[in-house]
Amino acid sequence: MNTLSYGLLALLARKRSSGYDLMLRIQPFWQAKHSQIYPLLSRMEEQQLLTAEWVKQTDKPDKKIYAITPLGEQRLHEWMQMPASEPVTRDELVLKAFCLWITDKDTALALFRKRSIFYQEQIHYFEQAIHKMPDESHQFGSQDFGLYILRQKALGTARSNMEWTTWVIDMLKNAAPPEVSSEPQHH
């Protein structure tokens, strides 16, 4: 099983859900598309890790609701005992930052200012989300403890990224214009 499979089982351990709802709920943790989720759900159903039932809806197509099975819960518990793999970071801004020598200062500033706005919005969102959480979510054993510590991590990451972005913006604002050279640059 892959990490996405375990993530789907973890979401189902909390609440029975449709494939569409699972796709929305997994996004904060793991980027996944319909084309990945639905085949996995079918395979996990075949492996008896989850069950599914069709729910009739009026004015909408019927939907399939998934629930975790005892075997799925067992696999989820086994997965929790395994060490986590190393983190993967994939941020286009990091790659563009590496290539800043290719562009002009105004373009570079615009790139980082836009990201700065994104981080400001993230900081605001996570501060509000944490503030709204009940005190019991701060305690290990609470079902929302994991969500609480993940929101704290996201807030810390957003603040750290905002600090770095502000630093880069200041460096760019204070940067002297590059010297023009007739020699090709090798980096």
# chains A, B, ... in the order shown; residues from 1 in each chain; ligands from 1
>>> residues_around(residues="segment 70-77 of chain A", least_positions_apart="2", cutoff="12 Å", atoms="only C-alpha atoms", output="MDAnalysis selection string")
chainID A and resid 1:14 41 44:51 66:68 79:82
>>> write_last_selection(atoms="C-alpha atoms", output="mmCIF file, in the first residue's frame")
data_model
loop_
_atom_site.group_PDB
_atom_site.id
_atom_site.type_symbol
_atom_site.label_atom_id
_atom_site.label_comp_id
_atom_site.auth_asym_id
_atom_site.auth_seq_id
_atom_site.Cartn_x
_atom_site.Cartn_y
_atom_site.Cartn_z
ATOM 1 C CA MET A 1 0.000 0.000 0.000
ATOM 2 C CA ASN A 2 1.158 3.536 -0.643
ATOM 3 C CA THR A 3 0.990 6.551 1.673
ATOM 4 C CA LEU A 4 -2.164 7.877 0.016
ATOM 5 C CA SER A 5 -3.924 4.569 0.798
ATOM 6 C CA TYR A 6 -3.067 4.926 4.476
ATOM 7 C CA GLY A 7 -4.196 8.548 4.423
ATOM 8 C CA LEU A 8 -7.566 7.535 3.001
ATOM 9 C CA LEU A 9 -7.924 4.820 5.638
ATOM 10 C CA ALA A 10 -7.080 7.356 8.354
ATOM 11 C CA LEU A 11 -9.785 9.714 7.101
ATOM 12 C CA LEU A 12 -12.285 6.849 6.967
ATOM 13 C CA ALA A 13 -11.333 5.839 10.521
ATOM 14 C CA ARG A 14 -12.692 9.236 11.573
ATOM 15 C CA LEU A 41 -10.610 2.997 -3.165
ATOM 16 C CA MET A 44 -8.832 -1.283 -1.028
ATOM 17 C CA GLU A 45 -12.444 -2.445 -1.275
ATOM 18 C CA GLU A 46 -11.270 -5.586 -3.116
ATOM 19 C CA GLN A 47 -8.659 -6.136 -0.370
ATOM 20 C CA GLN A 48 -11.452 -5.789 2.236
ATOM 21 C CA LEU A 49 -9.782 -2.801 3.898
ATOM 22 C CA LEU A 50 -12.968 -0.811 3.427
ATOM 23 C CA THR A 51 -16.591 -1.349 2.522
ATOM 24 C CA TYR A 66 -16.918 4.202 2.116
ATOM 25 C CA ALA A 67 -16.183 2.957 5.639
ATOM 26 C CA ILE A 68 -13.077 1.361 7.109
ATOM 27 C CA TRP A 79 1.396 1.652 9.409
ATOM 28 C CA MET A 80 1.526 3.918 12.477
ATOM 29 C CA GLN A 81 4.285 1.676 13.890
ATOM 30 C CA MET A 82 6.478 2.167 10.804
#
>>> select_by_dssp(residues="chain A", states="strand (DSSP E)", output="number ranges by chain")
A: 17-18, 50-55, 63-68
>>> write_last_selection(atoms="C-alpha atoms", output="CSV table (one decimal), in the first residue's frame")
chain,number,residue,atom,x,y,z
A,17,SER,CA,-17.2,9.4,3.4
A,18,SER,CA,-17.7,9.5,-0.4
A,50,LEU,CA,-13.0,-0.8,3.4
A,51,THR,CA,-16.6,-1.3,2.5
A,52,ALA,CA,-18.8,0.7,0.3
A,53,GLU,CA,-22.6,1.2,0.1
A,54,TRP,CA,-24.6,3.2,-2.4
A,55,VAL,CA,-26.7,6.0,-1.0
A,63,LYS,CA,-23.1,8.3,-4.2
A,64,LYS,CA,-20.9,5.6,-2.9
A,65,ILE,CA,-20.0,5.9,0.8
A,66,TYR,CA,-16.9,4.2,2.1
A,67,ALA,CA,-16.2,3.0,5.6
A,68,ILE,CA,-13.1,1.4,7.1
>>> atom_distance(atom1="atom CA of Ile169 of chain A", atom2="atom CA of Ala129 of chain A")
28.1 Å
>>> atom_distance(atom1="atom CA of Ile123 of chain A", atom2="atom CA of Gly156 of chain A")
8.4 Å
>>> residues_around(residues="Ser137 of chain A", least_positions_apart="4", cutoff="10 Å", atoms="only C-alpha atoms", output="mmCIF file with C-alpha atoms, in the first residue's frame")
data_model
loop_
_atom_site.group_PDB
_atom_site.id
_atom_site.type_symbol
_atom_site.label_atom_id
_atom_site.label_comp_id
_atom_site.auth_asym_id
_atom_site.auth_seq_id
_atom_site.Cartn_x
_atom_site.Cartn_y
_atom_site.Cartn_z
ATOM 1 C CA ILE A 130 -6.122 27.440 16.150
ATOM 2 C CA MET A 133 -10.166 24.902 18.526
ATOM 3 C CA GLY A 141 -5.538 11.408 23.143
ATOM 4 C CA SER A 142 -8.092 13.884 21.822
ATOM 5 C CA GLN A 143 -9.203 13.037 18.281
ATOM 6 C CA ASP A 144 -8.321 16.621 17.278
ATOM 7 C CA PHE A 145 -4.850 16.637 18.876
ATOM 8 C CA GLY A 146 -3.233 15.725 15.551
ATOM 9 C CA LEU A 147 -5.114 18.522 13.798
ATOM 10 C CA TYR A 148 -4.037 20.967 16.526
ATOM 11 C CA ILE A 149 -0.332 20.130 16.246
#
>>> atom_distance(atom1="atom CA of His124 of chain A", atom2="atom CA of Ala154 of chain A")
11.2 Å
>>> residues_around(residues="segment 116-118 of chain A", least_positions_apart="5", cutoff="8 Å", atoms="only C-alpha atoms", output="PDB file with C-alpha atoms, in the first residue's frame")
ATOM      1  CA  MET A 162       7.146  34.919   5.638  1.00  0.00           C
ATOM      2  CA  THR A 165      10.346  36.135   1.956  1.00  0.00           C
ATOM      3  CA  THR A 166      10.573  39.516   3.717  1.00  0.00           C
TER       4      THR A 166
END
>>> closest_residue(among="A:Ala108, A:Arg151, A:Leu24, A:Gln139", to="Ala175 of chain A", atoms="only C-alpha atoms")
A:Ala108
